[in-house]
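Dumped entry.cif below, it's mmCIF, C-alpha atoms:
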data_my_file
#
loop_
_atom_site.group_PDB
_atom_site.id
_atom_site.type_symbol
_atom_site.label_atom_id
_atom_site.label_comp_id
_atom_site.auth_asym_id
_atom_site.auth_seq_id
_atom_site.Cartn_x
_atom_site.Cartn_y
_atom_site.Cartn_z
ATOM 1 C CA MET G 1 54.260 33.042 -1.009
ATOM 2 C CA ARG G 2 52.892 36.392 -2.172
ATOM 3 C CA ARG G 3 51.308 34.696 -5.180
ATOM 4 C CA THR G 4 49.782 32.047 -2.906
ATOM 5 C CA GLY G 5 48.413 34.737 -0.620
ATOM 6 C CA ARG G 6 46.939 36.662 -3.545
ATOM 7 C CA PHE G 7 45.402 33.466 -4.913
ATOM 8 C CA LEU G 8 43.827 32.691 -1.549
ATOM 9 C CA LEU G 9 42.408 36.206 -1.328
ATOM 10 C CA LEU G 10 40.942 35.918 -4.789
ATOM 11 C CA ALA G 11 39.453 32.503 -3.980
ATOM 12 C CA LEU G 12 37.920 33.855 -0.792
ATOM 13 C CA ALA G 13 36.523 36.859 -2.603
ATOM 14 C CA ALA G 14 35.045 34.617 -5.310
ATOM 15 C CA ALA G 15 33.530 32.332 -2.692
ATOM 16 C CA GLY G 16 32.075 35.318 -0.900
ATOM 17 C CA LEU G 17 30.589 36.705 -4.095
ATOM 18 C CA LEU G 18 29.137 33.308 -4.951
ATOM 19 C CA ALA G 19 27.602 32.984 -1.483
ATOM 20 C CA LEU G 20 26.156 36.488 -1.845
ATOM 21 C CA ALA G 21 24.740 35.652 -5.266
ATOM 22 C CA VAL G 22 23.190 32.432 -3.962
ATOM 23 C CA GLY G 23 21.748 34.301 -0.992
ATOM 24 C CA VAL G 24 20.224 36.978 -3.195
ATOM 25 C CA ALA G 25 18.806 34.368 -5.568
ATOM 26 C CA ALA G 26 17.319 32.446 -2.648
ATOM 27 C CA ALA G 27 15.782 35.612 -1.200
ATOM 28 C CA LEU G 28 14.269 36.524 -4.577
ATOM 29 C CA ALA G 29 12.898 32.988 -5.023
ATOM 30 C CA LEU G 30 11.448 33.063 -1.518
ATOM 31 C CA ARG G 31 9.795 36.401 -2.199
ATOM 32 C CA ALA G 32 8.403 35.182 -5.505
ATOM 33 C CA SER G 33 6.950 31.979 -4.018
ATOM 34 C CA GLY G 34 5.600 33.591 -0.864
ATOM 35 C CA LEU G 35 6.213 30.192 0.734
ATOM 36 C CA SER G 36 2.940 29.118 -0.851
ATOM 37 C CA ALA G 37 1.976 25.474 -0.482
ATOM 38 C CA ARG G 38 0.050 25.507 -3.758
ATOM 39 C CA PRO G 39 2.797 24.786 -6.317
ATOM 40 C CA GLU G 40 4.022 21.231 -6.703
ATOM 41 C CA PRO G 41 7.421 20.599 -5.119
ATOM 42 C CA SER G 42 10.056 20.233 -7.813
ATOM 43 C CA ALA G 43 11.590 16.821 -8.488
ATOM 44 C CA LEU G 44 14.957 18.126 -7.215
ATOM 45 C CA GLU G 45 13.422 19.413 -4.002
ATOM 46 C CA ALA G 46 11.622 16.115 -3.445
ATOM 47 C CA ARG G 47 14.807 14.135 -4.078
ATOM 48 C CA LEU G 48 16.869 16.312 -1.741
ATOM 49 C CA ALA G 49 14.195 16.155 0.947
ATOM 50 C CA ARG G 50 14.006 12.361 0.812
ATOM 51 C CA ALA G 51 17.788 12.118 0.887
ATOM 52 C CA ALA G 52 17.923 14.428 3.899
ATOM 53 C CA ARG G 53 15.277 12.417 5.697
ATOM 54 C CA ARG G 54 17.124 9.193 4.959
ATOM 55 C CA PHE G 55 20.386 10.692 6.188
ATOM 56 C CA ALA G 56 18.735 11.901 9.396
ATOM 57 C CA VAL G 57 17.534 8.430 10.415
ATOM 58 C CA PRO G 58 20.200 6.708 12.513
ATOM 59 C CA ALA G 59 21.574 3.522 10.956
ATOM 60 C CA GLY G 60 20.474 1.525 13.991
ATOM 61 C CA VAL G 61 16.882 2.658 13.569
ATOM 62 C CA ARG G 62 16.993 2.027 9.826
ATOM 63 C CA ALA G 63 18.060 -1.555 10.503
ATOM 64 C CA LEU G 64 15.184 -2.296 12.899
ATOM 65 C CA ARG G 65 12.879 -5.137 11.891
ATOM 66 C CA ASN G 66 9.196 -5.157 12.754
ATOM 67 C CA PRO G 67 8.783 -7.137 15.983
ATOM 68 C CA VAL G 68 5.018 -7.553 15.416
ATOM 69 C CA ARG G 69 4.057 -10.698 13.535
ATOM 70 C CA PRO G 70 1.476 -10.144 10.785
ATOM 71 C CA GLY G 71 -1.910 -11.801 11.029
ATOM 72 C CA PRO G 72 -5.596 -11.064 10.319
ATOM 73 C CA ALA G 73 -6.343 -9.731 13.807
ATOM 74 C CA VAL G 74 -3.289 -7.486 13.891
ATOM 75 C CA LEU G 75 -4.018 -6.205 10.396
ATOM 76 C CA ALA G 76 -7.642 -5.483 11.344
ATOM 77 C CA GLU G 77 -6.476 -3.505 14.353
ATOM 78 C CA ALA G 78 -3.975 -1.560 12.299
ATOM 79 C CA ARG G 79 -6.555 -0.925 9.590
ATOM 80 C CA ALA G 80 -8.958 0.539 12.150
ATOM 81 C CA HIS G 81 -6.199 2.687 13.626
ATOM 82 C CA PHE G 82 -5.185 3.940 10.175
ATOM 83 C CA ALA G 83 -8.806 4.754 9.286
ATOM 84 C CA ASP G 84 -9.285 6.702 12.492
ATOM 85 C CA HIS G 85 -5.953 8.542 12.749
ATOM 86 C CA CYS G 86 -4.192 8.602 9.375
ATOM 87 C CA ALA G 87 -6.705 8.472 6.549
ATOM 88 C CA SER G 88 -7.777 12.107 6.789
ATOM 89 C CA CYS G 89 -4.474 12.988 5.099
ATOM 90 C CA HIS G 90 -3.301 9.707 3.595
ATOM 91 C CA GLY G 91 -6.647 8.327 2.426
ATOM 92 C CA ASN G 92 -7.963 4.920 3.338
ATOM 93 C CA ASP G 93 -5.994 3.465 0.431
ATOM 94 C CA GLY G 94 -2.789 5.308 1.369
ATOM 95 C CA GLY G 95 -2.866 7.129 -1.955
ATOM 96 C CA GLY G 96 -2.791 10.598 -0.395
ATOM 97 C CA GLY G 97 -5.650 11.770 -2.621
ATOM 98 C CA THR G 98 -7.623 13.493 0.124
ATOM 99 C CA GLU G 99 -8.438 17.202 0.324
ATOM 100 C CA LEU G 100 -5.812 17.599 3.007
ATOM 101 C CA GLY G 101 -3.257 15.287 1.459
ATOM 102 C CA ARG G 102 -3.333 17.110 -1.877
ATOM 103 C CA ARG G 103 -2.892 20.510 -0.249
ATOM 104 C CA LEU G 104 -0.022 19.789 2.111
ATOM 105 C CA TYR G 105 3.523 20.752 1.180
ATOM 106 C CA PRO G 106 5.034 18.337 0.466
ATOM 107 C CA ARG G 107 1.938 16.409 -0.639
ATOM 108 C CA ALA G 108 0.958 13.350 1.334
ATOM 109 C CA PRO G 109 2.772 10.587 -0.568
ATOM 110 C CA ASP G 110 1.129 7.695 -2.366
ATOM 111 C CA MET G 111 2.348 5.095 0.059
ATOM 112 C CA ARG G 112 1.598 2.259 -2.340
ATOM 113 C CA LEU G 113 4.492 3.347 -4.523
ATOM 114 C CA PRO G 114 8.152 2.272 -4.234
ATOM 115 C CA ALA G 115 9.242 5.579 -2.662
ATOM 116 C CA THR G 116 7.439 4.444 0.510
ATOM 117 C CA GLN G 117 7.393 0.667 0.088
ATOM 118 C CA LEU G 118 11.192 0.512 -0.341
ATOM 119 C CA LEU G 119 11.778 2.248 2.996
ATOM 120 C CA THR G 120 12.850 -0.159 5.681
ATOM 121 C CA ASP G 121 10.563 -1.157 8.557
ATOM 122 C CA GLY G 122 12.718 0.975 10.819
ATOM 123 C CA GLU G 123 12.409 4.021 8.578
ATOM 124 C CA LEU G 124 8.632 3.717 8.409
ATOM 125 C CA PHE G 125 8.490 3.281 12.179
ATOM 126 C CA ASP G 126 10.689 6.339 12.647
ATOM 127 C CA VAL G 127 8.458 8.499 10.457
ATOM 128 C CA ILE G 128 5.364 7.450 12.413
ATOM 129 C CA GLU G 129 6.962 7.911 15.826
ATOM 130 C CA ASN G 130 8.874 11.139 15.142
ATOM 131 C CA GLY G 131 7.086 12.733 12.239
ATOM 132 C CA VAL G 132 8.920 14.757 9.615
ATOM 133 C CA ARG G 133 9.852 18.316 10.462
ATOM 134 C CA MET G 134 8.486 21.060 8.214
ATOM 135 C CA THR G 135 5.916 18.744 6.667
ATOM 136 C CA GLY G 136 2.389 17.864 7.732
ATOM 137 C CA MET G 137 3.486 14.556 9.228
ATOM 138 C CA PRO G 138 3.094 14.691 13.012
ATOM 139 C CA GLY G 139 5.189 12.663 15.419
ATOM 140 C CA TRP G 140 2.892 10.260 17.216
ATOM 141 C CA GLY G 141 5.423 8.689 19.525
ATOM 142 C CA GLY G 142 4.920 8.947 23.253
ATOM 143 C CA ASP G 143 1.124 8.798 23.371
ATOM 144 C CA ALA G 144 0.778 5.076 22.731
ATOM 145 C CA PRO G 145 3.066 2.038 23.013
ATOM 146 C CA PRO G 146 5.555 1.663 20.112
ATOM 147 C CA GLU G 147 3.773 -1.576 19.210
ATOM 148 C CA GLU G 148 0.925 0.521 17.754
ATOM 149 C CA SER G 149 3.319 2.181 15.310
ATOM 150 C CA TRP G 150 4.799 -1.206 14.375
ATOM 151 C CA LYS G 151 1.290 -2.467 13.598
ATOM 152 C CA LEU G 152 0.790 0.548 11.345
ATOM 153 C CA VAL G 153 4.005 -0.397 9.527
ATOM 154 C CA LEU G 154 2.398 -3.776 8.791
ATOM 155 C CA PHE G 155 -0.673 -2.046 7.384
ATOM 156 C CA ILE G 156 1.436 0.279 5.239
ATOM 157 C CA ARG G 157 3.080 -2.829 3.728
ATOM 158 C CA HIS G 158 -0.428 -4.137 2.970
ATOM 159 C CA LEU G 159 -1.599 -0.948 1.217
ATOM 160 C CA PRO G 160 -0.780 -2.074 -2.346
ATOM 161 C CA ASP G 161 -3.095 -5.072 -1.735
ATOM 162 C CA VAL G 162 -5.935 -3.390 0.148
ATOM 163 C CA THR G 163 -9.332 -4.689 -1.002
ATOM 164 C CA PRO G 164 -12.574 -2.808 -1.762
ATOM 165 C CA ALA G 165 -14.198 -4.549 1.226
ATOM 166 C CA GLU G 166 -11.435 -3.297 3.523
ATOM 167 C CA LEU G 167 -11.814 0.228 2.153
ATOM 168 C CA LEU G 168 -15.537 0.098 2.823
ATOM 169 C CA GLU G 169 -14.944 -1.039 6.385
ATOM 170 C CA MET G 170 -12.436 1.773 6.873
ATOM 171 C CA GLU G 171 -14.893 4.390 5.672
ATOM 172 C CA ARG G 172 -17.211 3.417 8.485
ATOM 173 C CA LEU G 173 -14.345 4.018 10.912
ATOM 174 C CA ASN G 174 -13.206 7.369 9.514
ATOM 175 C CA PRO G 175 -13.907 10.222 11.951
ATOM 176 C CA VAL G 176 -16.872 12.259 10.758
ATOM 177 C CA GLY G 177 -18.685 15.322 11.959
ATOM 178 C CA PRO G 178 -22.072 15.122 13.684
ATOM 179 C CA ARG G 179 -24.006 15.994 10.526
ATOM 180 C CA GLU G 180 -22.423 13.289 8.441
ATOM 181 C CA ARG G 181 -22.766 10.766 11.276
ATOM 182 C CA ARG G 182 -26.468 11.537 11.478
ATOM 183 C CA GLU G 183 -26.895 11.246 7.703
ATOM 184 C CA ARG G 184 -25.038 7.949 7.666
ATOM 185 C CA GLU G 185 -27.250 6.566 10.439
ATOM 186 C CA GLU G 186 -30.366 7.685 8.577
ATOM 187 C CA ASP G 187 -29.084 5.978 5.419
ATOM 188 C CA GLU G 188 -28.494 2.742 7.344
ATOM 189 C CA ARG G 189 -31.924 2.876 8.979
ATOM 190 C CA PHE G 190 -33.546 3.439 5.621
ATOM 191 C CA LEU G 191 -31.683 0.533 4.014
ATOM 192 C CA ARG G 192 -32.728 -1.729 6.897
ATOM 193 C CA GLY G 193 -36.337 -0.876 6.159
ATOM 194 C CA ASP G 194 -37.103 1.700 8.820
ATOM 195 C CA PRO G 195 -40.183 3.495 7.474
ATOM 196 C CA ALA G 196 -39.452 6.545 9.643
ATOM 197 C CA ALA G 197 -36.167 7.422 7.919
ATOM 198 C CA PRO G 198 -36.309 10.738 5.975
ATOM 199 C CA ALA G 199 -36.770 10.632 2.208
ATOM 200 C CA ALA G 200 -33.839 12.649 0.966
ATOM 201 C CA ARG G 201 -31.774 15.751 1.506
ATOM 202 C CA MET S 1 -3.391 9.790 20.524
ATOM 203 C CA SER S 2 -4.365 12.896 22.469
ATOM 204 C CA ARG S 3 -8.017 13.877 22.526
ATOM 205 C CA ALA S 4 -7.167 17.271 21.093
ATOM 206 C CA ALA S 5 -5.443 15.700 18.097
ATOM 207 C CA LEU S 6 -8.352 13.281 17.578
ATOM 208 C CA LEU S 7 -10.855 16.138 17.742
ATOM 209 C CA ALA S 8 -8.765 18.155 15.296
ATOM 210 C CA SER S 9 -8.644 15.281 12.817
ATOM 211 C CA ALA S 10 -12.440 14.802 13.137
ATOM 212 C CA VAL S 11 -13.031 18.486 12.422
ATOM 213 C CA LEU S 12 -10.650 18.400 9.453
ATOM 214 C CA TRP S 13 -12.271 15.231 8.133
ATOM 215 C CA ALA S 14 -15.732 16.785 8.513
ATOM 216 C CA ALA S 15 -14.509 19.826 6.618
ATOM 217 C CA ALA S 16 -13.262 17.567 3.817
ATOM 218 C CA ALA S 17 -16.547 15.625 3.838
ATOM 219 C CA SER S 18 -18.520 18.835 3.437
ATOM 220 C CA ALA S 19 -17.000 18.958 -0.044
ATOM 221 C CA HIS S 20 -20.048 16.820 -0.898
ATOM 222 C CA GLU S 21 -22.071 20.008 -0.570
ATOM 223 C CA GLY S 22 -23.430 20.874 -3.989
ATOM 224 C CA GLY S 23 -24.564 17.286 -4.486
ATOM 225 C CA ILE S 24 -27.768 15.546 -3.632
ATOM 226 C CA ASP S 25 -28.644 12.411 -1.768
ATOM 227 C CA ALA S 26 -31.721 10.401 -2.546
ATOM 228 C CA ARG S 27 -33.357 7.480 -0.760
ATOM 229 C CA GLY S 28 -35.925 5.319 -2.447
ATOM 230 C CA THR S 29 -36.847 2.065 -4.086
ATOM 231 C CA VAL S 30 -35.080 0.923 -7.219
ATOM 232 C CA ILE S 31 -37.240 0.958 -10.327
ATOM 233 C CA ARG S 32 -34.456 -0.163 -12.592
ATOM 234 C CA ALA S 33 -30.655 -0.247 -12.573
ATOM 235 C CA GLY S 34 -28.166 -1.062 -15.300
ATOM 236 C CA ALA S 35 -26.552 0.221 -18.478
ATOM 237 C CA GLY S 36 -24.995 3.135 -16.642
ATOM 238 C CA GLN S 37 -28.197 4.359 -15.031
ATOM 239 C CA ILE S 38 -30.285 3.942 -11.916
ATOM 240 C CA VAL S 39 -33.842 5.087 -11.419
ATOM 241 C CA LEU S 40 -35.372 5.369 -7.975
ATOM 242 C CA ARG S 41 -38.823 6.139 -6.710
ATOM 243 C CA ASP S 42 -38.086 8.223 -3.641
ATOM 244 C CA THR S 43 -40.172 8.081 -0.482
ATOM 245 C CA ALA S 44 -42.142 11.098 -1.707
ATOM 246 C CA GLY S 45 -43.151 9.071 -4.766
ATOM 247 C CA LYS S 46 -41.037 11.076 -7.169
ATOM 248 C CA GLU S 47 -39.006 9.302 -9.852
ATOM 249 C CA ARG S 48 -35.272 10.179 -9.680
ATOM 250 C CA ARG S 49 -32.865 9.262 -12.445
ATOM 251 C CA PHE S 50 -29.088 9.179 -12.076
ATOM 252 C CA GLU S 51 -26.289 8.463 -14.506
ATOM 253 C CA VAL S 52 -23.842 5.935 -13.093
ATOM 254 C CA PRO S 53 -20.275 6.376 -14.398
ATOM 255 C CA ALA S 54 -17.784 3.520 -14.204
ATOM 256 C CA ARG S 55 -16.019 5.177 -11.278
ATOM 257 C CA ALA S 56 -19.159 5.214 -9.098
ATOM 258 C CA ARG S 57 -18.990 2.918 -6.119
ATOM 259 C CA VAL S 58 -21.762 0.402 -5.649
ATOM 260 C CA VAL S 59 -22.391 -1.287 -2.312
ATOM 261 C CA VAL S 60 -25.051 -3.976 -1.976
ATOM 262 C CA GLY S 61 -25.875 -5.494 1.378
ATOM 263 C CA GLY S 62 -22.858 -3.758 2.902
ATOM 264 C CA ALA S 63 -20.339 -5.246 0.472
ATOM 265 C CA PRO S 64 -18.701 -3.792 -2.656
ATOM 266 C CA SER S 65 -20.663 -4.836 -5.716
ATOM 267 C CA THR S 66 -21.731 -3.806 -9.214
ATOM 268 C CA LEU S 67 -24.701 -1.977 -10.658
ATOM 269 C CA ASP S 68 -26.052 -5.232 -12.084
ATOM 270 C CA ALA S 69 -26.480 -6.522 -8.527
ATOM 271 C CA VAL S 70 -28.875 -3.685 -7.692
ATOM 272 C CA LYS S 71 -32.295 -5.174 -8.282
ATOM 273 C CA PRO S 72 -35.703 -3.580 -8.789
ATOM 274 C CA GLY S 73 -37.622 -3.350 -5.574
ATOM 275 C CA ALA S 74 -34.536 -2.950 -3.403
ATOM 276 C CA ARG S 75 -34.120 0.045 -1.133
ATOM 277 C CA ALA S 76 -31.261 2.285 -2.204
ATOM 278 C CA VAL S 77 -29.486 5.479 -1.254
ATOM 279 C CA VAL S 78 -27.775 7.421 -4.032
ATOM 280 C CA HIS S 79 -25.154 10.104 -3.377
ATOM 281 C CA ALA S 80 -24.853 12.184 -6.552
ATOM 282 C CA MET S 81 -23.351 15.365 -7.936
ATOM 283 C CA ARG S 82 -24.883 17.647 -10.502
ATOM 284 C CA HIS S 83 -23.524 16.894 -13.956
ATOM 285 C CA GLY S 84 -24.758 19.011 -16.814
ATOM 286 C CA ARG S 85 -28.530 18.995 -16.645
ATOM 287 C CA GLY S 86 -28.757 15.845 -14.596
ATOM 288 C CA PHE S 87 -27.020 14.067 -11.766
ATOM 289 C CA GLU S 88 -24.176 11.609 -11.708
ATOM 290 C CA ALA S 89 -24.041 9.026 -8.957
ATOM 291 C CA GLU S 90 -20.856 8.910 -6.918
ATOM 292 C CA GLU S 91 -22.008 6.144 -4.644
ATOM 293 C CA ILE S 92 -24.977 3.800 -4.544
ATOM 294 C CA GLN S 93 -25.823 1.849 -1.430
ATOM 295 C CA ALA S 94 -28.500 -0.754 -1.900
ATOM 296 C CA ALA S 95 -30.107 -3.303 0.318
ATOM 297 C CA PRO S 96 -30.313 -6.838 -1.030
ATOM 298 C CA PRO S 97 -33.473 -7.298 -3.107
ATOM 299 C CA PRO S 98 -36.566 -8.161 -1.062
ATOM 300 C CA ARG S 99 -37.285 -11.885 -0.780
ATOM 301 C CA PRO S 100 -40.476 -12.994 -2.500
ATOM 302 C CA ARG S 101 -43.280 -13.820 -0.096
ATOM 303 C CA PRO S 102 -44.056 -17.548 0.204
ATOM 304 C CA GLY S 103 -46.686 -18.448 -2.347
ATOM 305 C CA ALA S 104 -46.101 -15.293 -4.396
ATOM 306 C CA PRO S 105 -45.568 -15.989 -8.101
ATOM 307 C CA ALA S 106 -41.931 -15.836 -9.252
ATOM 308 C CA ARG S 107 -41.186 -12.807 -11.461
#
Would you give me this structure, written as structure tokens?
Amino acid sequence: MRRTGRFLLLALAAAGLLALAVGVAAALALRASGLSARPEPSALEARLARAARRFAVPAGVRALRNPVRPGPAVLAEARAHFADHCASCHGNDGGGGTELGRRLYPRAPDMRLPATQLLTDGELFDVIENGVRMTGMPGWGGDAPPEESWKLVLFIRHLPDVTPAELLEMERLNPVGPRERREREEDERFLRGDPAAPAAR
Amino acid sequence: MSRAALLASAVLWAAAASAHEGGIDARGTVIRAGAGQIVLRDTAGKERRFEVPARARVVVGGAPSTLDAVKPGARAVVHAMRHGRGFEAEEIQAAPPPRPRPGAPAR
């Protein structure tokens, strides 16, 4: 009994020391990084984060199938929605290569790749509706009917096959500031043959 | 989506678009295009030459296209960035080439 008690005390002490060491190491790492968003997340961190996100999605949600049937009109709607609301971070092609997407922590993912494409419909829907805490992904649920998020899931599935013509159409739908809108309109007037359009800038 | 969120995304997008600052934009008539180059006569009459790398996007008549489809005489807008001593086109938008007038000799 006494030996068991001593062993337990030693084990507890070791566990306590280990926890202290881990805590100190974590504090030092935190201090060194400054919580900067500039370094690339490590592969381990990315893997743990994805696993945590997967774990957090209820099995019932993960098993959901998209109730919206695909079709040209639905895809066009979803494409317009994506261009207007999502592309500023994700890019029109879903590649995440925008100024914002490259500077978020974690980075906006390349949604054409398996890491996104292998998520279930329910998981994609959940990310759109609820966002992902401590990332740049907002939760959009509540403002619009869930059907809008399901349509976006269809478009995300289409991303690996998006065409140059679709990308061009999306660019015209991306939100722009007043200066760029004015420049774009001047470009279009010039190309149509309006002699009054300015020469250059 | 709330109006505030939409406004925020527009401001952020405009901020990202302003990354084009440091480049130039030219509007004019195509003198020649091909072999990795486009030459415009801008509306002030000045000749503007741009290198066209493979990654540059070319749009003709509102549809994705190639540099070979940009014909002399067509109106064009070139968005370019300074590259060395010259400019490299990032995007070329061109109108379809003008139709010949009836009775005009074919070129």
What's around region 67-75 of chain G at 8 Å? Count all atoms listed in the file, leave out sequence neighbours fewer than 3 positions away in its own chain, and write the answer as a list in words.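 In the requested form, the answer reads Ala78, Arg79, Glu147, Trp150, Lys151, Leu154 and Phe155 of chain G.
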Find the residues around region 121-126 of chain G up to 6 Å (all atoms listed in the file counted), leave out those fewer than 2 positions away in its own chain, and share them as a PDB file with C-alpha atoms, in the frame of the given file.
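Saved the output as part02.pdb:
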ATOM      1  CA  VAL G  61      16.882   2.658  13.569  1.00  0.00           C
ATOM      2  CA  ARG G  62      16.993   2.027   9.826  1.00  0.00           C
ATOM      3  CA  ALA G  63      18.060  -1.555  10.503  1.00  0.00           C
ATOM      4  CA  LEU G  64      15.184  -2.296  12.899  1.00  0.00           C
ATOM      5  CA  ARG G  65      12.879  -5.137  11.891  1.00  0.00           C
ATOM      6  CA  ASN G  66       9.196  -5.157  12.754  1.00  0.00           C
ATOM      7  CA  LEU G 119      11.778   2.248   2.996  1.00  0.00           C
ATOM      8  CA  ILE G 128       5.364   7.450  12.413  1.00  0.00           C
ATOM      9  CA  GLU G 129       6.962   7.911  15.826  1.00  0.00           C
ATOM     10  CA  ASN G 130       8.874  11.139  15.142  1.00  0.00           C
TER      11      ASN G 130
END
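Nearest to Val78 (chain S) of all the residues S:Arg55, S:Arg32, S:Leu40, S:Ala95 is S:Leu40, based on only C-alpha atoms.
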Counting all atoms listed in the file, which residues sit no farther than 7 Å from the position (4.0, 19.1, -5.7) in the file's frame? I'd like them as a list of chain:residue names. G:Pro39, G:Glu40, G:Pro41, G:Ser42, G:Pro106, G:Arg107
Chain and number of each residue from the PyMOL selection byres ((chain G) within 9 of (chain S)), as a VMD selection string: chain G and resid 84 to 89 98 to 100 140 to 144 164 to 165 168 174 to 180 187 190 to 193 198 to 201
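Among the candidate residues S:Ala69, S:Ile31, S:Ile92, S:Met81, the one lying nearest to Arg48 (chain S) is S:Ile31, with distances computed using all atoms listed in the file.
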When you look at Arg112 (chain G) with a cut-off of 10 Å (counting all atoms listed in the file), what residues show up, excluding the ones that are within fewer than 6 positions of it in the same chain? I need them as an MDAnalysis selection string. chainID G and resid 93:96 118 156:162
Excluding Ala52 (chain G) and its own-chain neighbours fewer than 6 positions away, which residues fall within 12 Å of it when counting all atoms listed in the file? Please give them as a PyMOL selection string. chain G and resi 45-46+58+132-133
Rounded to one decimal, what separation in Å do you get between CA of Glu51 (chain S) and CA of Glu186 (chain G)?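 One can read the CA of Glu51 (chain S) to CA of Glu186 (chain G) distance as 23.5 Å.
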Which value, in Å to one decimal, gives the distance between CA of Ile38 (chain S) and CA of Arg85 (chain S)? 15.9 Å
Take the PyMOL selection byres ((chain G and resi 170) around 8), apply it to the structure above, and return the hits as a ChimeraX atom specification. /G:79-80,83,92,166-169,171-174
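CA of Arg184 (chain G) lies 24.8 Å from CA of Gly36 (chain S).
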Shortest contact to Pro100 (chain S), candidates S:Gly34, S:Val60, S:Gly73, S:Lys46, atoms counted all atoms listed in the file, goes to S:Gly73
